[in-house]
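For reference, the structure is listed below as structure tokens.
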Amino acid sequence: MTPYDAVVLAGGAAGRLGGADKPALSVGGRTLLDRVLGACADAGDTVVVGPRRPTARAVRWAREQPPGGGPLAALAAGLRHTAAATTLVLSADLPFLRAETVRSLLAEVVRGGSGVEGVLLADPGGRDQPLVAAYRTEPLRRELALLATEYGSLSGLPLRLLTAELSLGRLPHPDASFDCDTWEDVAAARARIRDDGRVLDEWITATKAELGIDLDVDTTALLDLARDAAHGVARPAAPLTTFLVGYAAAQRGGGPEAVAELTRKAVGLARRWAEEAEGPGGAAPAGRSGAAQGEAAGGQGQQPGDKAEESE
């Protein structure tokens with residue numbers, strides 16, 4: 001993947017939220033800022049421009065001068081601490097931004113070649129989202145410097161003055177640019193996290209962040225394992241088996257390969273267990289007599305007196 005640095009803008013007055021600390025608001029058990037930082041976790045350097053806050057991973061902090069000077073001033077402050085040829089620029093209130101969208105933006109910049117100076121996300125209405133974008137760093141620095149010279153300061157200038165001077169591509173996306181400007185937006189994001197088909201992925205991601213675990217989890221495989229253990233053994237076997245797989249993987253040093261291998265082994269065991277109880281030649285249901293077990297195995301159950309005859 002293209003090496004890149006990230007600048008996350010986490011200032012602003014959040015006027016429509018009554019002055020609440022918007023990046024610190026929780027959606028799906030994680031702050032909005034941590035959700036954004038999770039989407040760009042593989043950045044070379046990550047600079048957050050705004051007041052210092054607790055974060056799930058280490059970042060570099062910066063402030064525009066004067067504080068509250070707007071997005072262009074904040075972006076310039078962040079760029080002073082980056083060195084990569086490509087810069088990912090994000091606002092700190094994007095609950096549905098994910099790593100795959102970041103990778104797509106970066107790939108589009110590469111695909112566009114030298115004629116493209118950045119790629120913006122476009123929302124479902126076709127509107128440009130300049131704070132969900134990947135830019136070539138040199139043109140970004142150049143245009144910010146020209147604007148600062150022309151206007152005397154970047155403070156208070158609108159983003160459109162910057163994007164109008166850059167050659168930009170667009171990447172449509174249905175929801176990654178959804179931001180939380182109002183309490184209604186926050187409520188909608190919280191409800192959507194719990195109701196859509198990604199609720200388990202969201203929960204696992206939040207749990208990994210809370211526990212400090214950096215491990216890819218194949219949710220489908222683990223759910224299949226839990227199902228097989230519950231149906232083939234007993235219902236409580238599902239959580240216990242998945243715990244044991246995780247514990248065994250940790251003993252091997254962790255990693256997705258260890259989890260996948262041990263999951264396959266546990267699935268095989270659960271299926272063999274079930275086959276013994278249900279398949280031909282398997283164990284008979286509890287309560288059947290020895291004669292009935294023999295008949296089930298091949299119609300040769302012992303008759304009364306057989307035991308005595310065998311011993312003579």
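Within each chain, counting starts at residue 1; across the structure tokens, chains are named A, B, ... in the order shown, with ligands numbered 1 upward in that order.
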
Shell of 12 Å around A:Leu223, only C-alpha atoms, local chain residues under 3 positions omitted, as number ranges by chain: A: 200-201, 217-220, 226-230, 238-239, 241-242, 263, 267

Taking N, CA and C atoms for each residue, export the selection above as a PDB file, in the first residue's frame.
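Written output follows (out_27.pdb):
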```pdb
ATOM      1  N   LEU A 200     -21.640  -7.140  14.764  1.00  0.00           N
ATOM      2  CA  LEU A 200     -20.618  -8.003  15.359  1.00  0.00           C
ATOM      3  C   LEU A 200     -19.215  -7.499  15.042  1.00  0.00           C
ATOM      4  N   ASP A 201     -19.002  -7.055  13.807  1.00  0.00           N
ATOM      5  CA  ASP A 201     -17.703  -6.481  13.468  1.00  0.00           C
ATOM      6  C   ASP A 201     -17.416  -5.257  14.323  1.00  0.00           C
ATOM      7  N   VAL A 217      -9.509 -10.836  13.099  1.00  0.00           N
ATOM      8  CA  VAL A 217     -10.427 -11.880  13.554  1.00  0.00           C
ATOM      9  C   VAL A 217     -11.370 -12.248  12.414  1.00  0.00           C
ATOM     10  N   ASP A 218     -11.386 -13.521  12.055  1.00  0.00           N
ATOM     11  CA  ASP A 218     -12.324 -14.021  11.050  1.00  0.00           C
ATOM     12  C   ASP A 218     -13.647 -14.314  11.753  1.00  0.00           C
ATOM     13  N   THR A 219     -14.515 -13.310  11.774  1.00  0.00           N
ATOM     14  CA  THR A 219     -15.767 -13.425  12.514  1.00  0.00           C
ATOM     15  C   THR A 219     -16.607 -14.594  12.020  1.00  0.00           C
ATOM     16  N   THR A 220     -16.681 -14.778  10.708  1.00  0.00           N
ATOM     17  CA  THR A 220     -17.504 -15.852  10.154  1.00  0.00           C
ATOM     18  C   THR A 220     -17.020 -17.212  10.630  1.00  0.00           C
ATOM     19  N   ALA A 226     -18.586 -21.617  16.837  1.00  0.00           N
ATOM     20  CA  ALA A 226     -19.512 -21.545  17.966  1.00  0.00           C
ATOM     21  C   ALA A 226     -20.793 -22.315  17.681  1.00  0.00           C
ATOM     22  N   ARG A 227     -21.285 -22.209  16.452  1.00  0.00           N
ATOM     23  CA  ARG A 227     -22.499 -22.944  16.073  1.00  0.00           C
ATOM     24  C   ARG A 227     -22.278 -24.449  16.159  1.00  0.00           C
ATOM     25  N   ASP A 228     -21.157 -24.915  15.595  1.00  0.00           N
ATOM     26  CA  ASP A 228     -20.882 -26.349  15.614  1.00  0.00           C
ATOM     27  C   ASP A 228     -20.729 -26.872  17.038  1.00  0.00           C
ATOM     28  N   ALA A 229     -20.047 -26.094  17.891  1.00  0.00           N
ATOM     29  CA  ALA A 229     -19.860 -26.520  19.277  1.00  0.00           C
ATOM     30  C   ALA A 229     -21.193 -26.541  20.027  1.00  0.00           C
ATOM     31  N   ALA A 230     -22.026 -25.535  19.778  1.00  0.00           N
ATOM     32  CA  ALA A 230     -23.314 -25.468  20.476  1.00  0.00           C
ATOM     33  C   ALA A 230     -24.239 -26.598  20.049  1.00  0.00           C
ATOM     34  N   ALA A 238     -20.097 -23.377  23.170  1.00  0.00           N
ATOM     35  CA  ALA A 238     -19.781 -22.359  22.160  1.00  0.00           C
ATOM     36  C   ALA A 238     -18.836 -21.285  22.704  1.00  0.00           C
ATOM     37  N   PRO A 239     -19.206 -20.544  23.772  1.00  0.00           N
ATOM     38  CA  PRO A 239     -18.273 -19.519  24.254  1.00  0.00           C
ATOM     39  C   PRO A 239     -16.991 -20.109  24.825  1.00  0.00           C
ATOM     40  N   THR A 241     -15.421 -22.851  23.874  1.00  0.00           N
ATOM     41  CA  THR A 241     -14.540 -23.304  22.798  1.00  0.00           C
ATOM     42  C   THR A 241     -13.848 -22.132  22.121  1.00  0.00           C
ATOM     43  N   THR A 242     -14.592 -21.079  21.842  1.00  0.00           N
ATOM     44  CA  THR A 242     -13.964 -19.919  21.202  1.00  0.00           C
ATOM     45  C   THR A 242     -12.935 -19.291  22.127  1.00  0.00           C
ATOM     46  N   THR A 263      -8.837 -22.769  14.824  1.00  0.00           N
ATOM     47  CA  THR A 263     -10.279 -22.789  14.567  1.00  0.00           C
ATOM     48  C   THR A 263     -10.652 -24.000  13.727  1.00  0.00           C
ATOM     49  N   VAL A 267     -13.193 -26.895  14.893  1.00  0.00           N
ATOM     50  CA  VAL A 267     -14.372 -27.211  14.087  1.00  0.00           C
ATOM     51  C   VAL A 267     -14.387 -28.699  13.760  1.00  0.00           C
TER      52      VAL A 267
END
```

Straight-line distance linking atom CA of A:Pro172 with atom CA of A:Asp123, stated in Å to one decimal: 6.1 Å

Filtered DSSP result for stretch 12-259 of chain A, state helix (DSSP H, G or I), as number ranges by chain: A: 15-17, 22-24, 32-39, 71-79, 99-115, 137-151, 160-163, 183-195, 199-211, 219-232, 237-251, 256-259

Test item: residues at most 7 Å from A:Asp179, only C-alpha atoms, excluding those fewer than 2 positions along its chain, as a list of chain:residue names: A:Asp93, A:Leu94, A:Pro95, A:Ser177, A:Asp181

Let's have the selection written as a compact mmCIF listing (two decimals), in the first residue's frame, with N, CA and C atoms.
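Written out: part-v2.txt:
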```txt
# COMPACT_ATOMS: atom_id res chain seq x y z
N ASP A 93 -14.84 13.30 13.10
CA ASP A 93 -16.22 12.95 13.48
C ASP A 93 -16.87 12.03 12.46
N LEU A 94 -16.13 11.03 12.00
CA LEU A 94 -16.60 10.14 10.92
C LEU A 94 -16.83 8.74 11.48
N PRO A 95 -18.02 8.44 11.98
CA PRO A 95 -18.23 7.15 12.64
C PRO A 95 -18.16 5.94 11.72
N SER A 177 -18.52 9.31 4.57
CA SER A 177 -18.40 10.74 4.86
C SER A 177 -19.48 11.24 5.82
N ASP A 181 -22.57 16.30 13.12
CA ASP A 181 -22.61 17.74 13.40
C ASP A 181 -23.66 18.10 14.43
```

Gap from atom CA of A:Ala92 to atom CA of A:Thr31 - Å, one decimal: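 According to the coordinates, atom CA of A:Ala92 and atom CA of A:Thr31 are separated by 9.5 Å.
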
Residue with smallest distance to A:Leu154 - pool A:Ala77, A:Ala188, A:Ala122, A:Val102, counting only C-alpha atoms: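 Under the stated criterion, the closest residue is A:Ala77.
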
Selection: 8 Å around A:Leu147, only C-alpha atoms, excl. self and same-chain fewer than 6 positions, as JSON, numbers by chain: {"A": [153, 154, 161, 162]}

Print the selection's residues with N, CA, C and O atoms to a file, as a JSON list (two decimals), in the first residue's frame.
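The result, stored in result-v2.json:
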```
[["chain", "number", "residue", "atom", "x", "y", "z"],
["A", 153, "SER", "N", -3.07, 35.43, 5.76],
["A", 153, "SER", "CA", -3.26, 34.42, 6.81],
["A", 153, "SER", "C", -4.24, 33.37, 6.30],
["A", 153, "SER", "O", -5.08, 33.67, 5.44],
["A", 154, "LEU", "N", -4.10, 32.17, 6.83],
["A", 154, "LEU", "CA", -5.05, 31.12, 6.49],
["A", 154, "LEU", "C", -6.26, 31.10, 7.42],
["A", 154, "LEU", "O", -7.25, 30.42, 7.16],
["A", 161, "LEU", "N", -11.36, 27.36, -1.25],
["A", 161, "LEU", "CA", -10.26, 28.11, -1.86],
["A", 161, "LEU", "C", -9.07, 27.19, -2.16],
["A", 161, "LEU", "O", -8.34, 27.40, -3.13],
["A", 162, "LEU", "N", -8.89, 26.17, -1.32],
["A", 162, "LEU", "CA", -7.82, 25.21, -1.54],
["A", 162, "LEU", "C", -8.18, 24.21, -2.63],
["A", 162, "LEU", "O", -7.41, 24.01, -3.59]]
```

For A:Ala14: contacts at 12 Å, only C-alpha atoms, fewer than 2 positions along chain excluded, given as a VMD selection string: chain A and resid 10 to 12 16 to 25 68 92 to 93 179 to 183

Grab the residues selected above and save them as a PDB file, in the first residue's frame with N, CA and C atoms.
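Saved the output as part33.pdb:
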```pdb
ATOM      1  N   ALA A  10      -9.265  17.979  14.597  1.00  0.00           N
ATOM      2  CA  ALA A  10     -10.104  17.695  15.764  1.00  0.00           C
ATOM      3  C   ALA A  10     -10.337  18.944  16.598  1.00  0.00           C
ATOM      4  N   GLY A  11     -10.387  20.091  15.958  1.00  0.00           N
ATOM      5  CA  GLY A  11     -10.708  21.327  16.654  1.00  0.00           C
ATOM      6  C   GLY A  11     -12.148  21.722  16.372  1.00  0.00           C
ATOM      7  N   GLY A  12     -12.420  22.975  16.311  1.00  0.00           N
ATOM      8  CA  GLY A  12     -13.774  23.443  16.011  1.00  0.00           C
ATOM      9  C   GLY A  12     -14.604  23.620  17.258  1.00  0.00           C
ATOM     10  N   ARG A  16     -23.355  23.401  16.920  1.00  0.00           N
ATOM     11  CA  ARG A  16     -24.654  22.725  16.851  1.00  0.00           C
ATOM     12  C   ARG A  16     -24.765  21.579  17.857  1.00  0.00           C
ATOM     13  N   LEU A  17     -23.664  21.303  18.573  1.00  0.00           N
ATOM     14  CA  LEU A  17     -23.691  20.324  19.667  1.00  0.00           C
ATOM     15  C   LEU A  17     -23.598  21.025  21.016  1.00  0.00           C
ATOM     16  N   GLY A  18     -23.896  22.302  21.018  1.00  0.00           N
ATOM     17  CA  GLY A  18     -23.871  23.043  22.273  1.00  0.00           C
ATOM     18  C   GLY A  18     -22.483  23.182  22.862  1.00  0.00           C
ATOM     19  N   GLY A  19     -21.457  23.141  22.007  1.00  0.00           N
ATOM     20  CA  GLY A  19     -20.094  23.278  22.491  1.00  0.00           C
ATOM     21  C   GLY A  19     -19.504  22.005  23.063  1.00  0.00           C
ATOM     22  N   ALA A  20     -20.179  20.860  22.898  1.00  0.00           N
ATOM     23  CA  ALA A  20     -19.642  19.582  23.396  1.00  0.00           C
ATOM     24  C   ALA A  20     -18.334  19.247  22.686  1.00  0.00           C
ATOM     25  N   ASP A  21     -17.503  18.454  23.348  1.00  0.00           N
ATOM     26  CA  ASP A  21     -16.242  18.005  22.753  1.00  0.00           C
ATOM     27  C   ASP A  21     -16.568  16.897  21.764  1.00  0.00           C
ATOM     28  N   LYS A  22     -16.834  17.277  20.515  1.00  0.00           N
ATOM     29  CA  LYS A  22     -17.342  16.327  19.531  1.00  0.00           C
ATOM     30  C   LYS A  22     -16.422  15.123  19.317  1.00  0.00           C
ATOM     31  N   PRO A  23     -15.115  15.298  19.114  1.00  0.00           N
ATOM     32  CA  PRO A  23     -14.278  14.110  18.887  1.00  0.00           C
ATOM     33  C   PRO A  23     -14.282  13.114  20.042  1.00  0.00           C
ATOM     34  N   ALA A  24     -14.645  13.575  21.249  1.00  0.00           N
ATOM     35  CA  ALA A  24     -14.656  12.687  22.417  1.00  0.00           C
ATOM     36  C   ALA A  24     -15.992  11.994  22.618  1.00  0.00           C
ATOM     37  N   LEU A  25     -17.006  12.306  21.796  1.00  0.00           N
ATOM     38  CA  LEU A  25     -18.293  11.641  21.937  1.00  0.00           C
ATOM     39  C   LEU A  25     -18.179  10.174  21.546  1.00  0.00           C
ATOM     40  N   GLY A  68      -8.734  27.715  16.711  1.00  0.00           N
ATOM     41  CA  GLY A  68     -10.034  28.048  16.140  1.00  0.00           C
ATOM     42  C   GLY A  68      -9.934  28.791  14.834  1.00  0.00           C
ATOM     43  N   ALA A  92     -12.509  14.622  12.458  1.00  0.00           N
ATOM     44  CA  ALA A  92     -12.476  13.681  13.586  1.00  0.00           C
ATOM     45  C   ALA A  92     -13.856  13.189  13.988  1.00  0.00           C
ATOM     46  N   ASP A  93     -14.843  13.301  13.103  1.00  0.00           N
ATOM     47  CA  ASP A  93     -16.220  12.952  13.484  1.00  0.00           C
ATOM     48  C   ASP A  93     -16.874  12.034  12.458  1.00  0.00           C
ATOM     49  N   ASP A 179     -20.978  12.546   8.908  1.00  0.00           N
ATOM     50  CA  ASP A 179     -20.337  13.147  10.072  1.00  0.00           C
ATOM     51  C   ASP A 179     -21.376  13.531  11.111  1.00  0.00           C
ATOM     52  N   CYS A 180     -20.905  13.789  12.300  1.00  0.00           N
ATOM     53  CA  CYS A 180     -21.801  14.026  13.441  1.00  0.00           C
ATOM     54  C   CYS A 180     -21.770  15.503  13.829  1.00  0.00           C
ATOM     55  N   ASP A 181     -22.572  16.303  13.121  1.00  0.00           N
ATOM     56  CA  ASP A 181     -22.614  17.738  13.402  1.00  0.00           C
ATOM     57  C   ASP A 181     -23.660  18.105  14.434  1.00  0.00           C
ATOM     58  N   THR A 182     -24.683  17.247  14.603  1.00  0.00           N
ATOM     59  CA  THR A 182     -25.778  17.554  15.524  1.00  0.00           C
ATOM     60  C   THR A 182     -26.018  16.359  16.437  1.00  0.00           C
ATOM     61  N   TRP A 183     -26.798  16.579  17.495  1.00  0.00           N
ATOM     62  CA  TRP A 183     -27.153  15.457  18.378  1.00  0.00           C
ATOM     63  C   TRP A 183     -27.997  14.439  17.636  1.00  0.00           C
TER      64      TRP A 183
END
```
